[in-house]
Amino acid sequence: MPKPSVAPAATGITSILNESRVFKPSKDFAERAHIKSLAAYKKLYAESIKDPEKFWGRLANQELVWFTPFKKVLQWKEPVAKWFVGGRTNVAVNCLDRWLDTPIANKAALIWEGEPASDGRPGEERILTYKQLHREVCRFANVLKRHGVGKGDRVLIYLPLVPEAAIAMLACARIGAVHSVVFGGFSAQSVADRIADCGAKLVVTADGGYRRGAIVQLKKNVDDALNLRDAQGKALAASATAVIVLRRCYNDIHMQEGRDFWWHRELEYVTADCPPAKLESEAPLFILYTSGSTGKPKGIFHTTAGYLLGTKLTSRYVFDLKPEDVYWCTADVGWVTGHSYLVYGPLANGATSLMYEGAPNWPEPDRFWRIVEKFGVTILYTAPTAIRAFMKWGDEWPKKHNLRSLRLLGSVGEPINPEAWMWYHEVIGGGRCPIVDTWWQTETGAIMISPLPGVTPLKPGSATLPFFGIQPEVVDEQGVEVPRNAGGKLIIRKPWPSMLRGVWGDPERFKQTYWTEVPHTYFTGDGCRQDQDGYFWIVGRIDDVLNVAGHRIGTAEVESALVSHPSVAEAAVVGRPDELKGQALVAFVTLKSGIHAKPELRDELRQHVAKEIGPVAKPDDIRFAEGLPKTRSGKIMRRLLKQVAAGVEVKGDTTTLEDFNVLTRLAQASE
Ligand code: PRX
């Protein structure tokens with residue numbers, strides 16, 4: 001079956017995926033679902049688009065707990081939206097306090113499964129009820145306050161996937177501090193850059209985190225980050241004056257007197273009484289850094305009420321969340337999926353959210369299926385890259401376990417290829433579970449395009465139809481909607497409550513990146529096609545951002561990391577199709593004169609990128625080249641490099657190429 005791809009034809013984007021299977025929803029599922037029919041979805045969708053403000057206003061009143069009701073639903077001054085103006089609320093109250101006087105108080109909010117030990121001992125298990133989670137959040141919020149953290153202050157969270165990650169996030173939300181979670185796989189340099197960019201006052205970390213039996217030295221990375229200096233010798237992360245350290249692995253670490261404090265010790269000084277801050281709807285909730293097409297990660301920031309409403313509603317309707325569900329989103333809190341669908345969305349619905357600390361194949365490739373069976377997971381939300389890995393490891397691993405508890409499956413992060421969809425449907429879902437292929441982004445805060453289970457007929461590989469209140473369109477260079485089945489750019493016409501409010505500290509970049517490509521609309525950066533039934537088929541990124549294993553990696557970021565190595569003169573990074581990861585990173589590197597292309601250098605450069613950005617960004621393949629193909633004006637012709645990287649014949653217009661021999665040599669070098 002052909003795979004989705006972007007063909008850079010003169011007209012723009014062509015989708016060559018030709019998938020004609022349709023899976024009708026089961027009557028059984030539909031009868032019990034929150035939204036019961038396609039007609040009901042269409043009616044509600046039409047209403048939401050006809051008068052979005054009325055629609056969102058009604059739901060915000062109905063769904064959220066307000067200290068002060070809002071006066072105006074939307075104040076829109078392109079590109080800045082203010083939702084639910086005049087209202088005051090608190091995310092932690094909506095996720096926790098509101099359940100305390102209800103039967104949900106003693107229900108599991110978080111079920112946590114730790115990584116098994118390397119000697120085969122099973123992982124720890126912890127369950128926190130809503131009441132317990134509330135107490136822990138209040139206590140930790142008081143710890144933050146004791147360290148001078150208040151409304152609007154930024155807190156950097158660099159933790160493994162343990163309940164304390166959610167506790168720290170919710171504690172920030174409770175007092176109006178803004179969290180920025182950094183994935184544990186990022187390096188000291190990345191931590192320092194992020195602290196510097198957002199001016200974080202305090203860092204929350206752990207001594208270490210477990211990953212496939214090894215310990216990730218989180219505290220050591222924080223120490224290194226706090227010691228890093230800029231070119232002028234100034235400490236990069238000078239704003240951070242305190243570090244709270246969770247004891248997780250009991251590994252040896254350095255604690256600096258007066259700066260570093262143990263989480264468990266700090267708790268001794270505080271009570272569990274912490275009144276929530278009454279925050280404006282637009283109070284910033286979090287900043288999450290993501291790759292863009294330039295070298296510097298963007299601090300995408302989200303605010304309080306709109307984000308909460310978006311994640312709450314999508315969690316309920318897309319995952320059809322019910323009180324009895326055991327819902328498992330396999331993402332790390334370091335990514336937006338972990339924010340919206342591991343923590344905020346499920347808890348705002350009073351659901352049970354499962355968290356697993358480790359890797360899917362540790363100690364054996366049946367780890368996920370063991371967990372599904374052990375806890376009776378009913379809803380599983382994971383990424384195509386994981387699904388493809390499971391396929392490769394073989395059906396025998398899921399087949400060893402009873403997966404009958406599953407009733408719904410979800411996918412996110414990249415286009416899911418129909419083969420993987422079918423496998424997920426048959427082998428994991430036993431042919432009975434609908435699959436919700438959810439399209440969204442760090443920037444959108446919540447799911448934008450997705451089937452509603454039990455309602456939307458499914459086509460493997462398509463994210464199907466928009467969520468309520470969302471108006472996506474596929475347009476050409478001029479912003480004019482293209483005919484059905486033609487490829488184009490995916491844009492969103494109107495503001496929506498959970499949309500990003502900006503790039504932290506850089507309003508100009510926000511405008512340039514998202515609001516200028518197609519005038520007066522939000523540009524997603526994705527290529528897309530809408531079929532004759534109006535279904536959306538995402539083709540992939542059309543900017544210089546790659547999607548590697550469901551994570552966005554800016555090619556420019558990896559290039560600047562490579563060029564910062566003393567041996568490197570120039571680097572160009574492109575993607576090549578990869579069976580498991582979707583895309584793999586291929587770096588073409590030219591070395592400074594006098595430096596020899598020794599094989600060891602390859603590994604050194606990969607380690608260098610890991611140090612600069614993190615292991616997630618390590619190139620899969622480094623190719624040394626004498627020169628890179630460039631236009632006469634000196635622009636690297638990535639289009640050609642992509643073809644060389646993929647090992648296909650170099651086609652297309654090469655007339656602007658300055659030196660054709662460069663290309664011949666590159667192709668020969670890769671053979
Ligand atoms: O290219 C799209 C792809 O992932 C990008 C967003 O990445 P990020 O901000 O890291 O958020 C990932 C989790 C929401 C999108 O621009 N993407 C995400 N979900 C899908 C997808 N591509 C196709 N189908 C999806 N379901």
# chains A, B, ... in the order shown; residues from 1 in each chain; ligands from 1
>>> residues_around(residues="Ile428 (chain A)", least_positions_apart="2", cutoff="10 Å", atoms="only C-alpha atoms", output="PyMOL selection string")
chain A and resi 369+380+387+390+395+398-399+402-404+406+409+422-426+430-433
>>> closest_atom_pairs(of="region 296-402 of chain A", to="region 172-177 of chain A", cutoff="12 Å", atoms="only C-alpha atoms", output="tab-separated table")
residue	atom	partner	partner_atom	distance
A:His302	CA	A:Ala173	CA	11.9
A:Thr303	CA	A:Ala173	CA	10.3
A:Thr304	CA	A:Ala173	CA	8.6
A:Ala305	CA	A:Ala173	CA	11.5
A:Leu308	CA	A:Ala173	CA	11.3
A:Val343	CA	A:Ala173	CA	11.9
A:Tyr344	CA	A:Ala173	CA	10.4
>>> select_by_dssp(residues="region 268-381 of chain A", states="alpha helix (DSSP H)", output="ChimeraX atom specification")
/A:305-318,336-338,345-348,367-375
>>> residues_around(residues="region 23-25 of chain A", least_positions_apart="2", cutoff="6 Å", atoms="only C-alpha atoms", output="tab-separated table (two decimals) with all heavy atoms, in the first residue's frame")
chain	number	residue	atom	x	y	z
A	454	GLY	N	-17.90	5.69	17.89
A	454	GLY	CA	-19.29	5.25	17.85
A	454	GLY	C	-20.13	6.08	16.91
A	454	GLY	O	-21.29	5.80	16.68
A	455	VAL	N	-19.52	7.12	16.38
A	455	VAL	CA	-20.26	8.08	15.58
A	455	VAL	C	-19.70	8.20	14.17
A	455	VAL	O	-20.40	8.06	13.17
A	455	VAL	CB	-20.23	9.46	16.29
A	455	VAL	CG1	-20.70	10.55	15.37
A	455	VAL	CG2	-21.06	9.42	17.56
A	457	PRO	N	-17.80	7.23	10.88
A	457	PRO	CA	-17.24	6.10	10.13
A	457	PRO	C	-15.74	6.33	9.95
A	457	PRO	O	-15.31	7.44	9.65
A	457	PRO	CB	-17.99	6.17	8.80
A	457	PRO	CG	-19.21	6.98	9.08
A	457	PRO	CD	-18.82	7.95	10.14
A	458	LEU	N	-14.94	5.28	10.18
A	458	LEU	CA	-13.48	5.47	10.20
A	458	LEU	C	-12.86	5.07	8.87
A	458	LEU	O	-13.26	4.09	8.26
A	458	LEU	CB	-12.88	4.62	11.31
A	458	LEU	CG	-13.46	4.86	12.71
A	458	LEU	CD1	-12.90	3.85	13.70
A	458	LEU	CD2	-13.14	6.28	13.17
>>> residues_around(residues="Trp262 (chain A)", least_positions_apart="5", cutoff="12 Å", atoms="only C-alpha atoms", output="NGL selection string")
:A and (140 or 143 or 203-207 or 219 or 242-248 or 250 or 253-257 or 267-269)
>>> closest_atom_pairs(of="chain A", to="ligand 1", cutoff="9 Å", atoms="only C-alpha atoms and all ligand atoms", output="JSON lines")
{"residue": "A:Thr290", "atom": "CA", "partner": "ligand 1", "partner_atom_place_in_ligand_line": "9 (O)", "distance": 6.7}
{"residue": "A:Ser291", "atom": "CA", "partner": "ligand 1", "partner_atom_place_in_ligand_line": "10 (O)", "distance": 8.1}
{"residue": "A:Trp335", "atom": "CA", "partner": "ligand 1", "partner_atom_place_in_ligand_line": "10 (O)", "distance": 6.9}
{"residue": "A:Val336", "atom": "CA", "partner": "ligand 1", "partner_atom_place_in_ligand_line": "13 (C)", "distance": 6.1}
{"residue": "A:Thr337", "atom": "CA", "partner": "ligand 1", "partner_atom_place_in_ligand_line": "13 (C)", "distance": 5.4}
{"residue": "A:Gly338", "atom": "CA", "partner": "ligand 1", "partner_atom_place_in_ligand_line": "13 (C)", "distance": 8.9}
{"residue": "A:Ala383", "atom": "CA", "partner": "ligand 1", "partner_atom_place_in_ligand_line": "26 (N)", "distance": 8.6}
{"residue": "A:Pro384", "atom": "CA", "partner": "ligand 1", "partner_atom_place_in_ligand_line": "26 (N)", "distance": 8.8}
{"residue": "A:Ser411", "atom": "CA", "partner": "ligand 1", "partner_atom_place_in_ligand_line": "26 (N)", "distance": 6.2}
{"residue": "A:Val412", "atom": "CA", "partner": "ligand 1", "partner_atom_place_in_ligand_line": "26 (N)", "distance": 4.4}
{"residue": "A:Gly413", "atom": "CA", "partner": "ligand 1", "partner_atom_place_in_ligand_line": "18 (C)", "distance": 3.5}
{"residue": "A:Glu414", "atom": "CA", "partner": "ligand 1", "partner_atom_place_in_ligand_line": "22 (N)", "distance": 3.5}
{"residue": "A:Pro415", "atom": "CA", "partner": "ligand 1", "partner_atom_place_in_ligand_line": "23 (C)", "distance": 3.4}
{"residue": "A:Ile416", "atom": "CA", "partner": "ligand 1", "partner_atom_place_in_ligand_line": "24 (N)", "distance": 6.3}
{"residue": "A:Val436", "atom": "CA", "partner": "ligand 1", "partner_atom_place_in_ligand_line": "26 (N)", "distance": 8.5}
{"residue": "A:Asp437", "atom": "CA", "partner": "ligand 1", "partner_atom_place_in_ligand_line": "26 (N)", "distance": 4.9}
{"residue": "A:Thr438", "atom": "CA", "partner": "ligand 1", "partner_atom_place_in_ligand_line": "26 (N)", "distance": 4.2}
{"residue": "A:Trp439", "atom": "CA", "partner": "ligand 1", "partner_atom_place_in_ligand_line": "26 (N)", "distance": 3.6}
{"residue": "A:Trp440", "atom": "CA", "partner": "ligand 1", "partner_atom_place_in_ligand_line": "14 (C)", "distance": 4.6}
{"residue": "A:Gln441", "atom": "CA", "partner": "ligand 1", "partner_atom_place_in_ligand_line": "9 (O)", "distance": 3.7}
{"residue": "A:Thr442", "atom": "CA", "partner": "ligand 1", "partner_atom_place_in_ligand_line": "9 (O)", "distance": 3.6}
{"residue": "A:Glu443", "atom": "CA", "partner": "ligand 1", "partner_atom_place_in_ligand_line": "9 (O)", "distance": 6.2}
{"residue": "A:Thr444", "atom": "CA", "partner": "ligand 1", "partner_atom_place_in_ligand_line": "9 (O)", "distance": 8.0}
{"residue": "A:Gly445", "atom": "CA", "partner": "ligand 1", "partner_atom_place_in_ligand_line": "14 (C)", "distance": 7.9}
{"residue": "A:Ala446", "atom": "CA", "partner": "ligand 1", "partner_atom_place_in_ligand_line": "14 (C)", "distance": 7.7}
{"residue": "A:Ile447", "atom": "CA", "partner": "ligand 1", "partner_atom_place_in_ligand_line": "14 (C)", "distance": 7.3}
{"residue": "A:Ile449", "atom": "CA", "partner": "ligand 1", "partner_atom_place_in_ligand_line": "26 (N)", "distance": 7.9}
{"residue": "A:Ser450", "atom": "CA", "partner": "ligand 1", "partner_atom_place_in_ligand_line": "26 (N)", "distance": 7.7}
{"residue": "A:Gly461", "atom": "CA", "partner": "ligand 1", "partner_atom_place_in_ligand_line": "24 (N)", "distance": 7.7}
{"residue": "A:Ser462", "atom": "CA", "partner": "ligand 1", "partner_atom_place_in_ligand_line": "24 (N)", "distance": 7.3}
{"residue": "A:Ala463", "atom": "CA", "partner": "ligand 1", "partner_atom_place_in_ligand_line": "26 (N)", "distance": 5.7}
{"residue": "A:Thr524", "atom": "CA", "partner": "ligand 1", "partner_atom_place_in_ligand_line": "16 (O)", "distance": 6.1}
{"residue": "A:Gly525", "atom": "CA", "partner": "ligand 1", "partner_atom_place_in_ligand_line": "16 (O)", "distance": 6.2}
{"residue": "A:Asp526", "atom": "CA", "partner": "ligand 1", "partner_atom_place_in_ligand_line": "1 (O)", "distance": 5.4}
{"residue": "A:Gly527", "atom": "CA", "partner": "ligand 1", "partner_atom_place_in_ligand_line": "1 (O)", "distance": 8.1}
{"residue": "A:Trp537", "atom": "CA", "partner": "ligand 1", "partner_atom_place_in_ligand_line": "23 (C)", "distance": 7.6}
{"residue": "A:Ile538", "atom": "CA", "partner": "ligand 1", "partner_atom_place_in_ligand_line": "23 (C)", "distance": 5.0}
{"residue": "A:Val539", "atom": "CA", "partner": "ligand 1", "partner_atom_place_in_ligand_line": "23 (C)", "distance": 6.9}
{"residue": "A:Gly540", "atom": "CA", "partner": "ligand 1", "partner_atom_place_in_ligand_line": "1 (O)", "distance": 4.9}
{"residue": "A:Arg541", "atom": "CA", "partner": "ligand 1", "partner_atom_place_in_ligand_line": "1 (O)", "distance": 5.0}
{"residue": "A:Ile542", "atom": "CA", "partner": "ligand 1", "partner_atom_place_in_ligand_line": "1 (O)", "distance": 8.5}
{"residue": "A:Val545", "atom": "CA", "partner": "ligand 1", "partner_atom_place_in_ligand_line": "1 (O)", "distance": 8.6}
{"residue": "A:Leu546", "atom": "CA", "partner": "ligand 1", "partner_atom_place_in_ligand_line": "1 (O)", "distance": 8.2}
{"residue": "A:Asn547", "atom": "CA", "partner": "ligand 1", "partner_atom_place_in_ligand_line": "4 (O)", "distance": 6.6}
{"residue": "A:Gly550", "atom": "CA", "partner": "ligand 1", "partner_atom_place_in_ligand_line": "4 (O)", "distance": 6.5}
{"residue": "A:His551", "atom": "CA", "partner": "ligand 1", "partner_atom_place_in_ligand_line": "10 (O)", "distance": 5.0}
{"residue": "A:Arg552", "atom": "CA", "partner": "ligand 1", "partner_atom_place_in_ligand_line": "10 (O)", "distance": 4.9}
{"residue": "A:Ile553", "atom": "CA", "partner": "ligand 1", "partner_atom_place_in_ligand_line": "10 (O)", "distance": 8.5}
>>> residues_around(residues="Phe468 (chain A)", least_positions_apart="4", cutoff="9 Å", atoms="only C-alpha atoms", output="PDB file with N, CA, C and O atoms, in the first residue's frame")
ATOM      1  N   TYR A  41     -23.819  14.626  15.893  1.00  0.00           N
ATOM      2  CA  TYR A  41     -22.546  15.351  15.759  1.00  0.00           C
ATOM      3  C   TYR A  41     -22.702  16.507  14.779  1.00  0.00           C
ATOM      4  O   TYR A  41     -22.297  17.641  15.056  1.00  0.00           O
ATOM      5  N   LEU A  44     -24.755  19.446  16.197  1.00  0.00           N
ATOM      6  CA  LEU A  44     -24.016  20.208  17.200  1.00  0.00           C
ATOM      7  C   LEU A  44     -22.849  20.964  16.556  1.00  0.00           C
ATOM      8  O   LEU A  44     -22.542  22.106  16.923  1.00  0.00           O
ATOM      9  N   TYR A  45     -22.202  20.324  15.577  1.00  0.00           N
ATOM     10  CA  TYR A  45     -21.079  20.981  14.891  1.00  0.00           C
ATOM     11  C   TYR A  45     -21.572  22.231  14.160  1.00  0.00           C
ATOM     12  O   TYR A  45     -20.972  23.310  14.267  1.00  0.00           O
ATOM     13  N   ALA A  46     -22.687  22.082  13.453  1.00  0.00           N
ATOM     14  CA  ALA A  46     -23.233  23.217  12.694  1.00  0.00           C
ATOM     15  C   ALA A  46     -23.557  24.375  13.647  1.00  0.00           C
ATOM     16  O   ALA A  46     -23.241  25.538  13.373  1.00  0.00           O
ATOM     17  N   GLU A  47     -24.125  24.032  14.769  1.00  0.00           N
ATOM     18  CA  GLU A  47     -24.466  25.045  15.768  1.00  0.00           C
ATOM     19  C   GLU A  47     -23.192  25.743  16.269  1.00  0.00           C
ATOM     20  O   GLU A  47     -23.153  26.963  16.408  1.00  0.00           O
ATOM     21  N   SER A  48     -22.140  24.929  16.497  1.00  0.00           N
ATOM     22  CA  SER A  48     -20.901  25.482  17.050  1.00  0.00           C
ATOM     23  C   SER A  48     -20.210  26.410  16.058  1.00  0.00           C
ATOM     24  O   SER A  48     -19.496  27.328  16.440  1.00  0.00           O
ATOM     25  N   ILE A  49     -20.415  26.175  14.777  1.00  0.00           N
ATOM     26  CA  ILE A  49     -19.747  26.982  13.748  1.00  0.00           C
ATOM     27  C   ILE A  49     -20.575  28.220  13.408  1.00  0.00           C
ATOM     28  O   ILE A  49     -20.049  29.274  13.083  1.00  0.00           O
ATOM     29  N   PRO A  52     -19.943  30.472  17.179  1.00  0.00           N
ATOM     30  CA  PRO A  52     -18.970  29.863  18.100  1.00  0.00           C
ATOM     31  C   PRO A  52     -18.995  30.505  19.488  1.00  0.00           C
ATOM     32  O   PRO A  52     -18.854  29.814  20.495  1.00  0.00           O
ATOM     33  N   PHE A  55     -21.772  29.131  21.501  1.00  0.00           N
ATOM     34  CA  PHE A  55     -21.487  27.725  21.810  1.00  0.00           C
ATOM     35  C   PHE A  55     -20.465  27.612  22.950  1.00  0.00           C
ATOM     36  O   PHE A  55     -20.694  26.941  23.953  1.00  0.00           O
ATOM     37  N   THR A 314     -12.732  17.802  24.845  1.00  0.00           N
ATOM     38  CA  THR A 314     -12.195  16.804  23.917  1.00  0.00           C
ATOM     39  C   THR A 314     -11.953  15.485  24.648  1.00  0.00           C
ATOM     40  O   THR A 314     -12.223  14.420  24.100  1.00  0.00           O
ATOM     41  N   MET A 448      -8.119  18.739  17.634  1.00  0.00           N
ATOM     42  CA  MET A 448      -8.829  19.602  16.682  1.00  0.00           C
ATOM     43  C   MET A 448      -9.608  18.800  15.643  1.00  0.00           C
ATOM     44  O   MET A 448     -10.683  19.189  15.217  1.00  0.00           O
TER      45      MET A 448
END
>>> closest_residue(among="A:Ile195, A:Ala569, A:Val503, A:Ile111", to="Pro79 (chain A)", atoms="only C-alpha atoms")
A:Val503
>>> residues_around(residues="region 117-133 of chain A", least_positions_apart="4", cutoff="8 Å", atoms="only C-alpha atoms", output="PyMOL selection string")
chain A and resi 96+99-100+104-113+137+167+212-214+363
>>> select_by_dssp(residues="region 88-262 of chain A", states="strand (DSSP E)", output="JSON, numbers by chain")
{"A": [88, 89, 108, 109, 110, 111, 112, 113, 125, 126, 127, 128, 129, 154, 155, 156, 157, 158, 178, 179, 180, 181, 202, 203, 204, 205, 206, 209, 210, 211, 214, 215, 216, 242, 243, 244, 245, 246, 260, 261, 262]}
>>> residues_around(residues="Arg639 (chain A)", least_positions_apart="3", cutoff="12 Å", atoms="only C-alpha atoms", output="compact mmCIF listing (two decimals) with N, CA, C and O atoms, in the first residue's frame")
# COMPACT_ATOMS: atom_id res chain seq x y z
N VAL A 6 4.63 13.74 0.70
CA VAL A 6 4.48 15.06 0.12
C VAL A 6 5.28 15.07 -1.17
O VAL A 6 6.47 14.82 -1.15
N ALA A 7 4.67 15.30 -2.27
CA ALA A 7 5.40 15.43 -3.52
C ALA A 7 5.51 16.92 -3.81
O ALA A 7 4.50 17.61 -3.96
N PRO A 8 6.72 17.44 -3.82
CA PRO A 8 6.86 18.87 -3.96
C PRO A 8 6.62 19.33 -5.41
O PRO A 8 7.50 19.81 -6.09
N ALA A 9 5.42 19.12 -5.88
CA ALA A 9 5.10 19.53 -7.24
C ALA A 9 4.90 21.04 -7.27
O ALA A 9 4.78 21.68 -6.25
N ILE A 542 5.10 20.81 6.32
CA ILE A 542 5.64 21.36 5.08
C ILE A 542 6.70 22.41 5.34
O ILE A 542 7.24 23.00 4.44
N ASP A 543 7.00 22.65 6.63
CA ASP A 543 8.11 23.55 6.92
C ASP A 543 9.34 22.69 7.21
O ASP A 543 9.35 21.50 6.94
N ASP A 544 10.39 23.30 7.76
CA ASP A 544 11.60 22.54 8.00
C ASP A 544 11.58 21.86 9.36
O ASP A 544 12.54 21.90 10.12
N ALA A 572 23.66 20.15 6.96
CA ALA A 572 22.26 20.24 6.52
C ALA A 572 21.57 18.96 6.99
O ALA A 572 22.09 17.86 6.81
N VAL A 573 20.43 19.14 7.63
CA VAL A 573 19.73 17.98 8.17
C VAL A 573 18.40 17.82 7.44
O VAL A 573 17.66 18.79 7.28
N VAL A 574 18.14 16.61 6.99
CA VAL A 574 16.87 16.34 6.31
C VAL A 574 16.28 15.05 6.86
O VAL A 574 16.94 14.32 7.59
N GLY A 575 15.03 14.79 6.50
CA GLY A 575 14.39 13.56 6.95
C GLY A 575 14.41 12.51 5.86
O GLY A 575 14.44 12.84 4.67
N ARG A 576 14.45 11.27 6.29
CA ARG A 576 14.27 10.19 5.33
C ARG A 576 13.19 9.27 5.91
O ARG A 576 13.11 9.11 7.13
N LEU A 628 27.95 20.77 -0.15
CA LEU A 628 26.51 20.55 -0.14
C LEU A 628 25.91 21.19 -1.40
O LEU A 628 26.42 22.21 -1.87
N PRO A 629 24.85 20.59 -1.94
CA PRO A 629 24.26 21.18 -3.14
C PRO A 629 23.60 22.52 -2.82
O PRO A 629 22.78 22.60 -1.92
N LYS A 630 24.03 23.54 -3.54
CA LYS A 630 23.51 24.87 -3.24
C LYS A 630 23.04 25.56 -4.51
O LYS A 630 23.51 25.25 -5.60
N THR A 631 22.15 26.50 -4.32
CA THR A 631 21.75 27.34 -5.46
C THR A 631 22.85 28.38 -5.66
O THR A 631 23.73 28.54 -4.81
N LYS A 635 21.80 29.02 -1.25
CA LYS A 635 20.81 28.30 -0.41
C LYS A 635 20.99 26.80 -0.57
O LYS A 635 21.05 26.31 -1.71
N ILE A 636 21.02 26.09 0.52
CA ILE A 636 21.17 24.64 0.43
C ILE A 636 19.90 24.05 -0.18
O ILE A 636 18.79 24.39 0.23
N LYS A 642 17.14 15.47 0.38
CA LYS A 642 16.13 14.51 0.83
C LYS A 642 16.13 13.28 -0.05
O LYS A 642 16.01 12.16 0.42
N GLN A 643 16.27 13.52 -1.35
CA GLN A 643 16.25 12.39 -2.28
C GLN A 643 17.53 11.55 -2.11
O GLN A 643 17.47 10.33 -2.12
N VAL A 644 18.65 12.24 -1.92
CA VAL A 644 19.90 11.50 -1.69
C VAL A 644 19.75 10.67 -0.41
O VAL A 644 20.10 9.49 -0.36
N ALA A 645 19.20 11.29 0.63
CA ALA A 645 19.05 10.60 1.92
C ALA A 645 18.15 9.38 1.79
O ALA A 645 18.39 8.34 2.41
N ALA A 646 17.12 9.51 0.99
CA ALA A 646 16.18 8.40 0.84
C ALA A 646 16.71 7.34 -0.12
O ALA A 646 16.10 6.29 -0.29
N VAL A 648 16.87 7.54 -3.29
CA VAL A 648 16.15 7.46 -4.57
C VAL A 648 16.88 8.30 -5.61
O VAL A 648 17.74 9.12 -5.29
N VAL A 650 17.79 11.14 -7.92
CA VAL A 650 17.54 12.56 -7.76
C VAL A 650 16.82 13.10 -8.98
O VAL A 650 17.31 13.00 -10.10
N LYS A 651 15.62 13.61 -8.72
CA LYS A 651 14.77 14.07 -9.83
C LYS A 651 14.39 15.52 -9.60
O LYS A 651 14.56 16.06 -8.53
N GLY A 652 13.80 16.10 -10.60
CA GLY A 652 13.29 17.47 -10.46
C GLY A 652 14.28 18.47 -11.00
O GLY A 652 15.34 18.11 -11.52
N ASP A 653 13.93 19.71 -10.82
CA ASP A 653 14.69 20.79 -11.40
C ASP A 653 16.04 20.97 -10.70
O ASP A 653 16.10 21.24 -9.51
N THR A 654 17.11 20.79 -11.44
CA THR A 654 18.43 21.01 -10.84
C THR A 654 19.16 22.16 -11.55
O THR A 654 20.35 22.35 -11.37
N LEU A 657 21.11 24.60 -9.50
CA LEU A 657 22.22 24.05 -8.73
C LEU A 657 23.54 24.68 -9.21
O LEU A 657 23.82 24.74 -10.40
N LEU A 663 26.54 17.00 -6.24
CA LEU A 663 25.44 16.05 -6.11
C LEU A 663 25.89 14.63 -6.50
O LEU A 663 25.58 13.66 -5.82
>>> atom_distance(atom1="CA of Leu562 (chain A)", atom2="CA of Lys598 (chain A)")
15.8 Å
>>> atom_distance(atom1="CA of Ala192 (chain A)", atom2="CA of Ser560 (chain A)")
16.5 Å
>>> closest_residue(among="A:Pro275, A:Gly199, A:Gly114, A:Pro497", to="Arg139 (chain A)", atoms="only C-alpha atoms")
A:Pro275
>>> closest_residue(among="A:Arg265, A:Arg501, A:Arg407, A:Lys220", to="Gly429 (chain A)", atoms="only C-alpha atoms")
A:Arg407
>>> atom_distance(atom1="CA of Trp83 (chain A)", atom2="CA of Leu342 (chain A)")
23.8 Å
